[in-house]
$ cat structure.txt   # compact mmCIF, C-alpha atoms and all ligand atoms
# COMPACT_ATOMS: atom_id res chain seq x y z
CA MET A 1 14.19 152.02 -93.40
CA GLU A 2 17.26 149.83 -93.83
CA SER A 3 17.20 146.46 -92.03
CA ARG A 4 19.84 143.73 -91.74
CA SER A 5 20.06 140.44 -89.82
CA PHE A 6 22.93 138.66 -88.08
CA ASP A 7 23.44 135.56 -85.96
CA VAL A 8 25.35 137.68 -83.46
CA LEU A 9 25.15 141.44 -83.11
CA ILE A 10 27.91 142.95 -80.99
CA ILE A 11 27.29 146.39 -79.54
CA GLY A 12 30.57 148.22 -78.93
CA SER A 13 33.92 148.35 -80.66
CA GLY A 14 36.56 147.96 -77.98
CA ALA A 15 38.83 145.03 -77.19
CA ALA A 16 36.04 142.86 -75.74
CA ALA A 17 33.84 143.43 -78.80
CA TYR A 18 36.53 142.60 -81.35
CA ALA A 19 37.63 139.48 -79.44
CA ALA A 20 33.99 138.32 -79.45
CA ALA A 21 33.78 139.02 -83.20
CA ILE A 22 36.93 136.98 -83.93
CA TYR A 23 35.61 133.97 -82.02
CA ALA A 24 32.07 134.22 -83.41
CA ARG A 25 33.33 134.36 -87.01
CA ARG A 26 35.49 131.29 -86.40
CA TYR A 27 32.25 129.52 -85.39
CA ASN A 28 30.97 130.55 -88.83
CA LEU A 29 28.29 132.80 -87.41
CA SER A 30 27.32 135.99 -89.25
CA VAL A 31 28.55 138.89 -87.13
CA GLY A 32 27.68 142.58 -87.03
CA ILE A 33 29.66 145.02 -84.88
CA VAL A 34 28.09 148.37 -84.01
CA GLU A 35 30.98 150.81 -83.88
CA GLN A 36 30.38 154.19 -82.32
CA SER A 37 34.02 155.09 -81.77
CA PHE A 38 36.82 152.83 -82.91
CA GLY A 39 38.81 150.87 -80.33
CA GLY A 40 37.22 152.09 -77.08
CA TYR A 41 39.52 152.92 -74.16
CA THR A 42 42.31 150.68 -75.45
CA ALA A 43 42.75 152.86 -78.53
CA VAL A 44 43.46 155.88 -76.32
CA ALA A 45 45.27 154.16 -73.43
CA GLY A 46 48.74 154.94 -74.80
CA VAL A 47 51.45 152.31 -74.75
CA ILE A 48 50.25 148.90 -73.53
CA GLU A 49 52.91 146.82 -71.83
CA ASN A 50 50.87 144.06 -70.20
CA TYR A 51 49.12 142.37 -73.11
CA PRO A 52 50.71 138.93 -73.40
CA GLY A 53 52.80 138.40 -76.53
CA THR A 54 53.28 142.12 -77.22
CA PRO A 55 55.74 143.58 -74.68
CA GLN A 56 55.12 147.13 -75.95
CA ILE A 57 52.39 148.18 -78.34
CA ASP A 58 50.43 151.39 -78.82
CA GLY A 59 46.80 150.74 -77.83
CA PHE A 60 45.54 152.16 -81.13
CA GLU A 61 47.74 149.77 -83.09
CA LEU A 62 46.61 146.82 -80.95
CA MET A 63 43.00 147.68 -81.77
CA GLU A 64 43.79 148.07 -85.46
CA LYS A 65 45.23 144.55 -85.42
CA MET A 66 42.14 143.15 -83.67
CA LYS A 67 39.84 144.89 -86.15
CA GLN A 68 41.89 143.72 -89.13
CA GLN A 69 41.67 140.12 -87.89
CA ALA A 70 37.92 140.30 -87.23
CA VAL A 71 36.88 142.25 -90.33
CA ASP A 72 39.47 141.87 -93.11
CA GLU A 73 40.57 138.32 -92.37
CA LEU A 74 37.42 136.75 -90.91
CA GLY A 75 34.62 138.81 -92.47
CA ALA A 76 32.79 140.39 -89.54
CA GLU A 77 30.78 143.42 -90.66
CA VAL A 78 31.14 146.84 -89.04
CA ILE A 79 28.11 149.11 -88.92
CA GLU A 80 29.00 152.65 -87.89
CA GLY A 81 26.66 154.43 -85.51
CA GLN A 82 25.38 154.34 -81.97
CA ALA A 83 22.90 151.72 -80.85
CA ALA A 84 20.12 153.83 -79.39
CA LEU A 85 17.23 151.43 -78.86
CA ALA A 86 17.09 147.70 -78.28
CA LYS A 87 14.00 145.49 -78.26
CA ASN A 88 13.53 141.82 -77.57
CA GLU A 89 10.83 140.66 -79.97
CA TYR A 90 10.22 137.13 -78.77
CA HIS A 91 13.85 135.99 -79.01
CA CYS A 92 14.65 138.11 -82.01
CA PHE A 93 16.50 141.25 -81.06
CA GLU A 94 16.02 144.55 -82.86
CA VAL A 95 18.50 147.37 -82.46
CA GLU A 96 18.07 150.83 -83.94
CA LEU A 97 21.07 152.99 -84.75
CA THR A 98 21.45 156.73 -84.83
CA ALA A 99 24.49 158.78 -85.76
CA ASP A 100 24.35 160.86 -82.58
CA GLY A 101 22.99 158.52 -79.94
CA ARG A 102 19.64 160.23 -79.32
CA GLN A 103 16.47 158.16 -79.46
CA PRO A 104 15.41 157.69 -83.11
CA GLN A 105 12.65 160.09 -84.20
CA ALA A 106 9.72 159.17 -86.47
CA ASP A 107 11.16 160.95 -89.53
CA ASP A 108 14.76 159.65 -89.05
CA GLU A 109 16.44 157.47 -91.67
CA ALA A 110 16.82 154.76 -89.03
CA VAL A 111 18.94 151.65 -89.54
CA THR A 112 17.41 148.61 -87.86
CA LEU A 113 19.58 145.58 -87.14
CA ARG A 114 18.09 142.23 -86.21
CA ALA A 115 19.92 139.40 -84.48
CA LYS A 116 19.42 135.97 -82.96
CA THR A 117 21.80 136.84 -80.11
CA LEU A 118 23.25 140.05 -78.70
CA ILE A 119 26.64 140.62 -77.12
CA LEU A 120 26.81 143.85 -75.14
CA ALA A 121 30.36 145.29 -74.95
CA THR A 122 29.66 148.98 -74.42
CA GLY A 123 32.33 149.52 -71.73
CA MET A 124 32.37 152.49 -69.39
CA GLU A 125 32.40 156.26 -69.73
CA HIS A 126 34.58 158.71 -67.82
CA ARG A 127 33.24 160.24 -64.64
CA THR A 128 33.39 164.03 -64.56
CA LEU A 129 34.29 166.08 -61.48
CA ASN A 130 30.75 167.48 -61.59
CA LEU A 131 32.00 171.02 -60.91
CA PRO A 132 30.17 174.17 -62.02
CA ARG A 133 30.65 174.97 -65.76
CA GLU A 134 32.57 171.73 -66.36
CA ALA A 135 30.77 171.28 -69.70
CA GLU A 136 31.87 174.77 -70.85
CA TYR A 137 35.53 173.92 -70.16
CA ARG A 138 35.34 170.56 -71.95
CA ALA A 139 38.13 170.47 -74.58
CA LYS A 140 39.03 174.03 -73.52
CA GLY A 141 41.37 172.97 -70.74
CA VAL A 142 39.34 170.16 -69.17
CA HIS A 143 40.06 166.80 -70.76
CA TYR A 144 39.39 163.11 -70.10
CA CYS A 145 42.11 161.48 -72.23
CA ALA A 146 45.83 162.27 -71.91
CA THR A 147 46.75 160.24 -74.99
CA CYS A 148 44.30 162.18 -77.16
CA ASP A 149 44.80 165.73 -75.88
CA GLY A 150 48.13 165.68 -74.00
CA PRO A 151 50.39 166.68 -76.92
CA VAL A 152 48.61 170.08 -77.17
CA TYR A 153 50.07 171.02 -73.77
CA ARG A 154 53.75 170.52 -74.57
CA GLY A 155 55.71 173.10 -72.53
CA LYS A 156 52.68 173.93 -70.30
CA ARG A 157 51.81 173.20 -66.65
CA VAL A 158 49.01 170.66 -66.38
CA ALA A 159 47.16 168.76 -63.63
CA VAL A 160 45.82 165.23 -63.48
CA VAL A 161 42.99 164.54 -61.03
CA GLY A 162 42.73 161.03 -59.56
CA GLY A 163 44.82 158.50 -57.72
CA GLY A 164 44.26 155.19 -59.54
CA ASP A 165 46.27 153.46 -62.23
CA SER A 166 44.78 155.50 -65.10
CA ALA A 167 45.62 158.78 -63.34
CA VAL A 168 49.20 157.72 -62.56
CA LYS A 169 49.70 156.41 -66.09
CA SER A 170 48.32 159.67 -67.53
CA ALA A 171 50.64 161.78 -65.34
CA ASN A 172 53.67 159.78 -66.54
CA GLN A 173 52.47 160.05 -70.13
CA LEU A 174 52.06 163.85 -69.93
CA VAL A 175 55.66 164.22 -68.72
CA ASP A 176 56.81 162.06 -71.62
CA MET A 177 54.75 164.21 -74.01
CA GLY A 178 56.72 167.27 -72.92
CA ALA A 179 54.48 169.02 -70.34
CA ALA A 180 56.50 171.63 -68.43
CA HIS A 181 55.22 170.31 -65.08
CA VAL A 182 52.53 167.87 -63.97
CA PHE A 183 50.55 168.12 -60.72
CA LEU A 184 48.82 164.89 -59.71
CA VAL A 185 45.93 165.88 -57.44
CA THR A 186 44.51 163.02 -55.40
CA ARG A 187 42.18 163.03 -52.43
CA GLU A 188 43.88 159.87 -51.13
CA GLY A 189 47.00 159.85 -48.95
CA ASN A 190 48.84 157.57 -51.38
CA VAL A 191 48.76 156.19 -54.94
CA ASP A 192 48.65 152.57 -53.84
CA HIS A 193 45.79 151.71 -56.24
CA ALA A 194 48.13 152.17 -59.20
CA GLU A 195 50.11 149.27 -60.65
CA PRO A 196 53.50 149.14 -58.85
CA ILE A 197 55.42 149.56 -62.12
CA ASN A 198 53.49 152.75 -62.99
CA ARG A 199 53.82 154.01 -59.39
CA ASP A 200 57.59 153.50 -59.50
CA ARG A 201 57.78 155.43 -62.76
CA LEU A 202 55.76 158.25 -61.17
CA MET A 203 58.15 158.40 -58.22
CA ASP A 204 61.11 158.58 -60.64
CA ARG A 205 59.47 161.64 -62.20
CA VAL A 206 58.76 163.17 -58.78
CA ARG A 207 62.45 162.77 -57.88
CA ALA A 208 63.41 164.30 -61.24
CA GLY A 209 61.27 167.36 -60.38
CA SER A 210 58.80 166.99 -63.24
CA VAL A 211 55.80 165.87 -61.09
CA ASP A 212 54.34 167.06 -57.78
CA VAL A 213 51.81 164.78 -56.09
CA LEU A 214 49.26 166.78 -54.08
CA TYR A 215 47.91 164.23 -51.59
CA GLU A 216 44.61 164.61 -49.70
CA THR A 217 43.67 167.45 -52.02
CA GLU A 218 40.63 168.03 -54.23
CA VAL A 219 39.93 170.33 -57.16
CA ARG A 220 37.02 172.58 -56.10
CA GLU A 221 36.64 175.05 -58.99
CA TYR A 222 37.81 175.75 -62.52
CA LEU A 223 39.35 179.22 -62.88
CA GLY A 224 39.55 181.74 -65.73
CA GLY A 225 38.28 181.58 -69.29
CA PRO A 226 37.26 179.24 -70.76
CA PRO A 227 39.90 178.34 -71.82
CA LEU A 228 41.06 177.23 -68.41
CA ALA A 229 43.67 179.29 -66.53
CA GLY A 230 43.84 177.29 -63.29
CA VAL A 231 42.01 175.43 -60.56
CA ARG A 232 41.01 176.16 -56.96
CA LEU A 233 42.36 173.49 -54.59
CA SER A 234 40.81 172.34 -51.32
CA LYS A 235 44.13 173.06 -49.57
CA PRO A 236 47.03 175.35 -50.49
CA HIS A 237 50.05 174.20 -52.46
CA GLY A 238 53.14 176.46 -52.51
CA GLY A 239 51.32 179.05 -50.40
CA THR A 240 48.19 179.39 -52.59
CA ASP A 241 44.99 177.45 -53.26
CA ALA A 242 44.84 178.81 -56.85
CA LEU A 243 46.99 176.48 -58.95
CA GLU A 244 47.94 177.90 -62.34
CA VAL A 245 47.60 175.21 -65.01
CA SER A 246 46.61 175.27 -68.67
CA ALA A 247 44.81 171.93 -68.53
CA VAL A 248 43.25 169.43 -66.19
CA PHE A 249 43.01 165.75 -67.12
CA VAL A 250 40.21 164.10 -65.15
CA GLU A 251 40.87 160.43 -64.31
CA VAL A 252 38.47 159.68 -61.47
CA GLY A 253 37.00 156.42 -62.67
CA ALA A 254 34.17 155.54 -64.97
CA VAL A 255 30.55 154.46 -64.96
CA PRO A 256 29.13 151.59 -67.03
CA ARG A 257 27.30 152.44 -70.27
CA ASN A 258 24.28 150.33 -69.36
CA ALA A 259 21.33 152.07 -71.06
CA LEU A 260 20.76 149.35 -73.67
CA ALA A 261 21.10 146.61 -71.08
CA GLY A 262 18.45 148.38 -69.00
CA GLU A 263 16.08 148.58 -71.99
CA LEU A 264 16.40 144.83 -72.47
CA GLY A 265 15.62 144.05 -68.82
CA VAL A 266 19.15 142.90 -68.02
CA ILE A 267 19.94 142.78 -64.29
CA LEU A 268 22.55 145.33 -63.12
CA ASN A 269 24.48 145.27 -59.83
CA ALA A 270 24.64 148.17 -57.36
CA ARG A 271 27.48 149.79 -59.36
CA GLY A 272 25.39 149.65 -62.54
CA GLU A 273 27.50 146.87 -64.09
CA VAL A 274 25.77 144.14 -66.07
CA HIS A 275 25.52 141.04 -63.93
CA VAL A 276 26.76 137.97 -65.85
CA ASP A 277 27.43 134.34 -65.11
CA PRO A 278 31.27 134.44 -65.24
CA VAL A 279 31.39 130.93 -66.72
CA THR A 280 29.22 131.76 -69.75
CA MET A 281 28.93 135.58 -69.84
CA ALA A 282 25.16 135.05 -70.04
CA THR A 283 22.89 137.72 -68.59
CA ASN A 284 19.48 136.96 -67.11
CA VAL A 285 17.87 137.64 -70.52
CA ASP A 286 17.85 134.61 -72.79
CA GLY A 287 20.10 135.23 -75.83
CA VAL A 288 21.82 138.32 -74.38
CA PHE A 289 25.49 138.03 -73.38
CA ALA A 290 27.88 140.72 -72.14
CA CYS A 291 31.64 141.15 -71.78
CA GLY A 292 34.41 143.58 -70.86
CA ASP A 293 34.38 146.61 -68.58
CA LEU A 294 30.57 146.81 -68.74
CA THR A 295 30.21 143.64 -66.66
CA ASP A 296 30.87 142.46 -63.11
CA ALA A 297 32.69 139.34 -64.40
CA SER A 298 36.12 140.20 -62.97
CA GLY A 299 35.06 142.61 -60.21
CA SER A 300 36.94 145.90 -60.29
CA PHE A 301 39.88 144.35 -62.18
CA LYS A 302 39.14 145.60 -65.68
CA GLN A 303 41.86 145.17 -68.26
CA ILE A 304 42.26 144.41 -71.94
CA VAL A 305 43.20 140.82 -71.18
CA THR A 306 40.07 140.25 -69.04
CA GLY A 307 37.85 141.96 -71.65
CA VAL A 308 39.13 139.85 -74.55
CA ALA A 309 38.82 136.63 -72.53
CA GLN A 310 35.23 137.50 -71.68
CA GLY A 311 34.54 138.39 -75.33
CA ALA A 312 35.79 134.96 -76.40
CA ILE A 313 33.56 133.26 -73.81
CA ALA A 314 30.51 135.35 -74.77
CA ALA A 315 30.93 134.39 -78.44
CA THR A 316 31.27 130.72 -77.54
CA SER A 317 28.09 130.89 -75.46
CA ALA A 318 26.23 132.65 -78.30
CA TYR A 319 27.34 129.86 -80.64
CA ARG A 320 26.14 127.16 -78.20
CA ASP A 321 22.87 129.03 -77.73
CA ILE A 322 22.20 129.23 -81.47
CA SER A 323 23.28 125.59 -82.00
CA GLN A 324 21.03 124.33 -79.21
CA HIS A 325 17.96 126.47 -79.76
CA GLY A 326 18.29 126.95 -83.51
CA ARG A 327 17.17 130.52 -83.08
CA ALA A 328 15.85 131.78 -86.41
CA CYS A 329 14.89 135.42 -86.25
CA ALA A 330 12.98 135.51 -89.51
CA MET A 331 10.77 132.58 -88.46
CA HIS A 332 9.74 133.90 -85.09
CA ALA A 333 6.79 135.80 -86.47
CA MET A 334 5.31 132.47 -87.52
CA VAL A 335 5.90 130.75 -84.18
CA ALA A 336 3.18 131.31 -81.61
CA PRO A 337 4.36 132.26 -78.11
CA PRO A 338 4.09 129.31 -75.66
CA SER A 339 1.10 130.81 -73.84
CA ILE A 340 -1.16 130.56 -76.95
CA VAL A 341 0.09 127.26 -78.39
CA PRO A 342 -3.04 125.04 -78.45
CA SER A 343 -2.73 122.05 -76.17
CA ILE A 344 -2.56 118.67 -77.85
CA THR A 345 -5.23 116.37 -76.54
C1 LIG B 1 44.04 155.82 -69.45
C2 LIG B 1 43.81 154.32 -69.48
C3 LIG B 1 44.89 153.47 -69.55
C4 LIG B 1 44.70 152.08 -69.58
N1 LIG B 1 45.80 151.27 -69.66
C5 LIG B 1 45.62 149.93 -69.73
C6 LIG B 1 46.76 149.07 -69.87
O1 LIG B 1 47.92 149.53 -69.93
N2 LIG B 1 46.53 147.72 -69.94
C7 LIG B 1 45.26 147.17 -69.87
O2 LIG B 1 45.13 145.95 -69.97
N3 LIG B 1 44.19 147.98 -69.73
C8 LIG B 1 44.34 149.33 -69.66
N4 LIG B 1 43.23 150.13 -69.53
C9 LIG B 1 41.88 149.51 -69.40
C10 LIG B 1 41.38 149.02 -70.76
O3 LIG B 1 41.53 150.05 -71.72
C11 LIG B 1 39.93 148.56 -70.66
O4 LIG B 1 39.84 147.54 -69.69
C12 LIG B 1 39.39 148.04 -71.99
O5 LIG B 1 39.44 149.06 -72.96
C13 LIG B 1 37.95 147.52 -71.86
O6 LIG B 1 37.49 147.15 -73.13
P1 LIG B 1 35.91 147.06 -73.45
O7 LIG B 1 35.84 146.58 -74.87
O8 LIG B 1 35.21 146.32 -72.39
O9 LIG B 1 35.35 148.56 -73.34
P2 LIG B 1 35.79 149.94 -74.08
O10 LIG B 1 37.23 149.93 -74.43
O11 LIG B 1 35.30 151.02 -73.16
O12 LIG B 1 34.94 149.95 -75.41
C14 LIG B 1 33.55 150.12 -75.42
C15 LIG B 1 33.14 150.68 -76.78
O13 LIG B 1 31.74 150.61 -76.93
C16 LIG B 1 31.28 151.78 -77.59
N5 LIG B 1 29.86 152.00 -77.27
C17 LIG B 1 29.33 152.34 -76.08
N6 LIG B 1 27.99 152.47 -76.18
C18 LIG B 1 27.67 152.19 -77.47
C19 LIG B 1 26.45 152.16 -78.21
N7 LIG B 1 25.28 152.43 -77.64
N8 LIG B 1 26.50 151.86 -79.53
C20 LIG B 1 27.69 151.58 -80.14
N9 LIG B 1 28.88 151.59 -79.48
C21 LIG B 1 28.87 151.90 -78.17
C22 LIG B 1 32.19 152.87 -77.03
O14 LIG B 1 32.20 153.99 -77.89
C23 LIG B 1 33.53 152.14 -77.01
O15 LIG B 1 34.18 152.28 -78.24
C24 LIG B 1 43.38 151.54 -69.51
C25 LIG B 1 42.27 152.40 -69.45
C26 LIG B 1 42.48 153.78 -69.43
C27 LIG B 1 41.29 154.69 -69.37
$ encode --input "structure.txt" --output "structure tokens"
Amino acid sequence: MESRSFDVLIIGSGAAAYAAAIYARRYNLSVGIVEQSFGGYTAVAGVIENYPGTPQIDGFELMEKMKQQAVDELGAEVIEGQAALAKNEYHCFEVELTADGRQPQADDEAVTLRAKTLILATGMEHRTLNLPREAEYRAKGVHYCATCDGPVYRGKRVAVVGGGDSAVKSANQLVDMGAAHVFLVTREGNVDHAEPINRDRLMDRVRAGSVDVLYETEVREYLGGPPLAGVRLSKPHGGTDALEVSAVFVEVGAVPRNALAGELGVILNARGEVHVDPVTMATNVDGVFACGDLTDASGSFKQIVTGVAQGAIAATSAYRDISQHGRACAMHAMVAPPSIVPSIT
């Protein structure tokens, strides 16, 4: 079994994780980053226009720059894999990696990482519509990322489900990628949750005849195939409730990836987000910090700029924690827990 130790082990590889890595390396701490899929949501968010200093940058390129700074310039180490198990061994954290995310089995070639402090930056994962056979249609007409899969549907009719900023941005993006027509299906009566600039762009496309917004409407069933041939709507559009589309892009929010936090005894709020002190990004577990979309630090306002700020704070708190407590993983085995330290008479 392979085993390595770090001052700070960062779980996740999105914007919050790489910002934390940059700051932690500048504090001269040894840093490991567990990377399951490069760049997180930012890498697939399309063009980013609200990250200060870069008026227009592709999200993938932004993440490449962050990774280059953290790894090539500052020397953080990337360990590819998915953190599947985390243990708190008396202030020394142990994390086991697997290639596929399942719990490590006895005969696996497991990689174990040890760290004085942990920074959790595992973000969120897309919600599904939870319709019958949704898993069978996955990547066969049902998709969760317009940037990744949109270009395949050039010249085809597609639908986006959702009414928030991600849904509106995806609908605009699909038009720009050459979809023949985009239907935005939202159960709300408006798209007021989207950023005004993205909403205005959507309305430009509606006026140009490339988008229809189907308000107060839900997708009830996937039709045909797989691959997908259409969807059943909760109310008719153009005289029928069977809408012919080649693809559906589901953008109905996300749920926090909180399994590791749960294993460590970290307190979650009612939405499943990791509860942190917004001043320090500390969780209730000594030595465990969290940042980015995973946390409740900035409420429901989750952006790249909030994630990187929280990553910077988490790294600073990990540095202070190590400086103050002098955590030394390798020595913990020799230090008796407080309950059995003999009293000095
Ligand atoms: C379509 C879309 C468009 C967006 N547009 C914008 C925009 O224009 N501007 C903006 O500021 N924000 C935008 N956002 C939001 C922004 O992308 C997120 O706020 C940001 O990515 C959060 O970063 P994060 O690092 O917290 O999490 P994420 O980006 O979600 O990264 C988390 C990473 O952790 C990894 N991970 C999870 N579990 C494990 C594990 N057990 N082991 C190892 N790795 C793990 C995941 O694979 C992922 O790579 C958009 C989001 C979407 C979906």
$ closest_atom_pairs --input "structure.txt" --of "chain A" --to "ligand LIG 1 (chain B)" --cutoff "7 Å" --atoms "all atoms listed in the file" --output "Markdown table"
| residue | atom | partner | partner_atom | distance |
| --- | --- | --- | --- | --- |
| A:Ile11 | CA | B:LIG1 | C20 | 5.2 |
| A:Gly12 | CA | B:LIG1 | O13 | 3.3 |
| A:Ser13 | CA | B:LIG1 | C15 | 4.6 |
| A:Gly14 | CA | B:LIG1 | O7 | 3.5 |
| A:Ala15 | CA | B:LIG1 | O7 | 4.1 |
| A:Ala16 | CA | B:LIG1 | O7 | 3.8 |
| A:Ala17 | CA | B:LIG1 | O7 | 5.4 |
| A:Val34 | CA | B:LIG1 | C20 | 5.0 |
| A:Glu35 | CA | B:LIG1 | N9 | 4.9 |
| A:Gln36 | CA | B:LIG1 | N9 | 4.1 |
| A:Ser37 | CA | B:LIG1 | O14 | 4.4 |
| A:Phe38 | CA | B:LIG1 | O15 | 5.4 |
| A:Gly39 | CA | B:LIG1 | O15 | 5.3 |
| A:Gly40 | CA | B:LIG1 | O15 | 3.3 |
| A:Tyr41 | CA | B:LIG1 | O10 | 3.8 |
| A:Thr42 | CA | B:LIG1 | O3 | 3.9 |
| A:Val44 | CA | B:LIG1 | C1 | 6.9 |
| A:Ala45 | CA | B:LIG1 | C3 | 4.0 |
| A:Gly46 | CA | B:LIG1 | C3 | 6.7 |
| A:Val47 | CA | B:LIG1 | O1 | 6.6 |
| A:Ile48 | CA | B:LIG1 | O1 | 4.3 |
| A:Glu49 | CA | B:LIG1 | O1 | 6.0 |
| A:Asn50 | CA | B:LIG1 | N2 | 5.7 |
| A:Tyr51 | CA | B:LIG1 | O2 | 6.2 |
| A:Gly81 | CA | B:LIG1 | C20 | 6.2 |
| A:Gln82 | CA | B:LIG1 | N8 | 3.7 |
| A:Ala83 | CA | B:LIG1 | N8 | 3.8 |
| A:Ala84 | CA | B:LIG1 | N7 | 5.6 |
| A:Gly101 | CA | B:LIG1 | N7 | 6.9 |
| A:Ala121 | CA | B:LIG1 | O8 | 5.6 |
| A:Thr122 | CA | B:LIG1 | O13 | 3.6 |
| A:Gly123 | CA | B:LIG1 | O9 | 3.6 |
| A:Met124 | CA | B:LIG1 | O11 | 5.0 |
| A:Glu125 | CA | B:LIG1 | O11 | 6.9 |
| A:Cys145 | CA | B:LIG1 | C1 | 6.6 |
| A:Ser166 | CA | B:LIG1 | C1 | 4.4 |
| A:Ala167 | CA | B:LIG1 | C1 | 7.0 |
| A:Lys169 | CA | B:LIG1 | C1 | 6.6 |
| A:Ser170 | CA | B:LIG1 | C1 | 6.1 |
| A:Arg257 | CA | B:LIG1 | N6 | 6.0 |
| A:Leu260 | CA | B:LIG1 | N7 | 6.8 |
| A:Cys291 | CA | B:LIG1 | O8 | 6.3 |
| A:Gly292 | CA | B:LIG1 | O8 | 3.2 |
| A:Asp293 | CA | B:LIG1 | O8 | 3.9 |
| A:Leu294 | CA | B:LIG1 | O8 | 5.9 |
| A:Lys302 | CA | B:LIG1 | O4 | 4.5 |
| A:Gln303 | CA | B:LIG1 | O4 | 3.4 |
| A:Ile304 | CA | B:LIG1 | O2 | 3.8 |
| A:Val305 | CA | B:LIG1 | O2 | 5.6 |
| A:Gly307 | CA | B:LIG1 | O8 | 5.2 |
$ closest_residue --input "structure.txt" --among "A:Arg26, A:His91, A:His237, A:Arg201" --to "Ala171 in chain A" --atoms "all atoms listed in the file"
A:Arg201
$ closest_atom_pairs --input "structure.txt" --of "range 64-126 of chain A" --to "range 265-288 of chain A" --cutoff "8 Å" --atoms "all atoms listed in the file" --output "tab-separated table"
residue	atom	partner	partner_atom	distance
A:His91	CA	A:Gly287	CA	7.1
A:Lys116	CA	A:Gly287	CA	7.2
A:Thr117	CA	A:Gly287	CA	4.9
A:Leu118	CA	A:Val288	CA	4.9
A:Ile119	CA	A:Val288	CA	6.0
A:Leu120	CA	A:Val288	CA	7.5
$ residues_around --input "structure.txt" --residues "Gly209 in chain A" --least-positions-apart "5" --cutoff "12 Å" --atoms "all atoms listed in the file" --output "count of residues only"
8
$ closest_residue --input "structure.txt" --among "A:Val185, A:Val191, A:Val211, A:Val248" --to "Ala146 in chain A" --atoms "all atoms listed in the file"
A:Val248
$ atom_distance --input "structure.txt" --atom1 "CA of Ala318 in chain A" --atom2 "CA of Asp72 in chain A"
21.9 Å
$ closest_residue --input "structure.txt" --among "A:Leu233, A:Leu74, A:Leu228, A:Val8" --to "Phe289 in chain A" --atoms "all atoms listed in the file"
A:Val8
$ closest_residue --input "structure.txt" --among "A:Val160, A:Val111, A:Ala76, A:Ile33" --to "Tyr144 in chain A" --atoms "only C-alpha atoms"
A:Val160
$ axis_aligned_box --input "structure.txt" --around "range 87-91 of chain A" --padding-each-side "8 Å" --output "JSON"
{"center_x": 12.1, "center_y": 140.7, "center_z": -78.8, "size_x": 19.8, "size_y": 25.5, "size_z": 18.4}
$ atom_distance --input "structure.txt" --atom1 "CA of Tyr27 in chain A" --atom2 "CA of Gln310 in chain A"
16.1 Å
$ atom_distance --input "structure.txt" --atom1 "CA of Gly178 in chain A" --atom2 "CA of Asp212 in chain A"
15.3 Å
$ closest_residue --input "structure.txt" --among "A:Asp321, A:Asp58, A:Asp200, A:Glu218" --to "Leu129 in chain A" --atoms "all atoms listed in the file"
A:Glu218
$ closest_residue --input "structure.txt" --among "A:Gly262, A:Ile313, A:His325, A:Ala179" --to "Val158 in chain A" --atoms "all atoms listed in the file"
A:Ala179
$ residues_near_point --input "structure.txt" --point "(34.6, 171.7, -68.1)" --cutoff "12 Å" --atoms "all atoms listed in the file" --output "tab-separated table (two decimals) with C-alpha atoms, in the frame of the given file"
chain	number	residue	atom	x	y	z
A	128	THR	CA	33.39	164.03	-64.56
A	129	LEU	CA	34.29	166.08	-61.48
A	130	ASN	CA	30.75	167.48	-61.59
A	131	LEU	CA	32.00	171.02	-60.91
A	132	PRO	CA	30.17	174.17	-62.02
A	133	ARG	CA	30.65	174.97	-65.76
A	134	GLU	CA	32.57	171.73	-66.36
A	135	ALA	CA	30.77	171.28	-69.70
A	136	GLU	CA	31.87	174.77	-70.85
A	137	TYR	CA	35.53	173.92	-70.16
A	138	ARG	CA	35.34	170.56	-71.95
A	139	ALA	CA	38.13	170.47	-74.58
A	140	LYS	CA	39.03	174.03	-73.52
A	141	GLY	CA	41.37	172.97	-70.74
A	142	VAL	CA	39.34	170.16	-69.17
A	143	HIS	CA	40.06	166.80	-70.76
A	144	TYR	CA	39.39	163.11	-70.10
A	221	GLU	CA	36.64	175.05	-58.99
A	222	TYR	CA	37.81	175.75	-62.52
A	223	LEU	CA	39.35	179.22	-62.88
A	224	GLY	CA	39.55	181.74	-65.73
A	225	GLY	CA	38.28	181.58	-69.29
A	226	PRO	CA	37.26	179.24	-70.76
A	227	PRO	CA	39.90	178.34	-71.82
A	228	LEU	CA	41.06	177.23	-68.41
A	229	ALA	CA	43.67	179.29	-66.53
A	230	GLY	CA	43.84	177.29	-63.29
A	231	VAL	CA	42.01	175.43	-60.56
A	247	ALA	CA	44.81	171.93	-68.53
A	248	VAL	CA	43.25	169.43	-66.19
A	249	PHE	CA	43.01	165.75	-67.12
A	250	VAL	CA	40.21	164.10	-65.15
$ residues_around --input "structure.txt" --residues "Ala86 in chain A" --least-positions-apart "4" --cutoff "9 Å" --atoms "all atoms listed in the file" --output "count of residues only"
8
$ residues_around --input "structure.txt" --residues "Val168 in chain A" --least-positions-apart "6" --cutoff "8 Å" --atoms "only C-alpha atoms" --output "list in words"
Gly162, Leu184, Val191, Ala194, Asn198, Arg199 and Leu202 of chain A
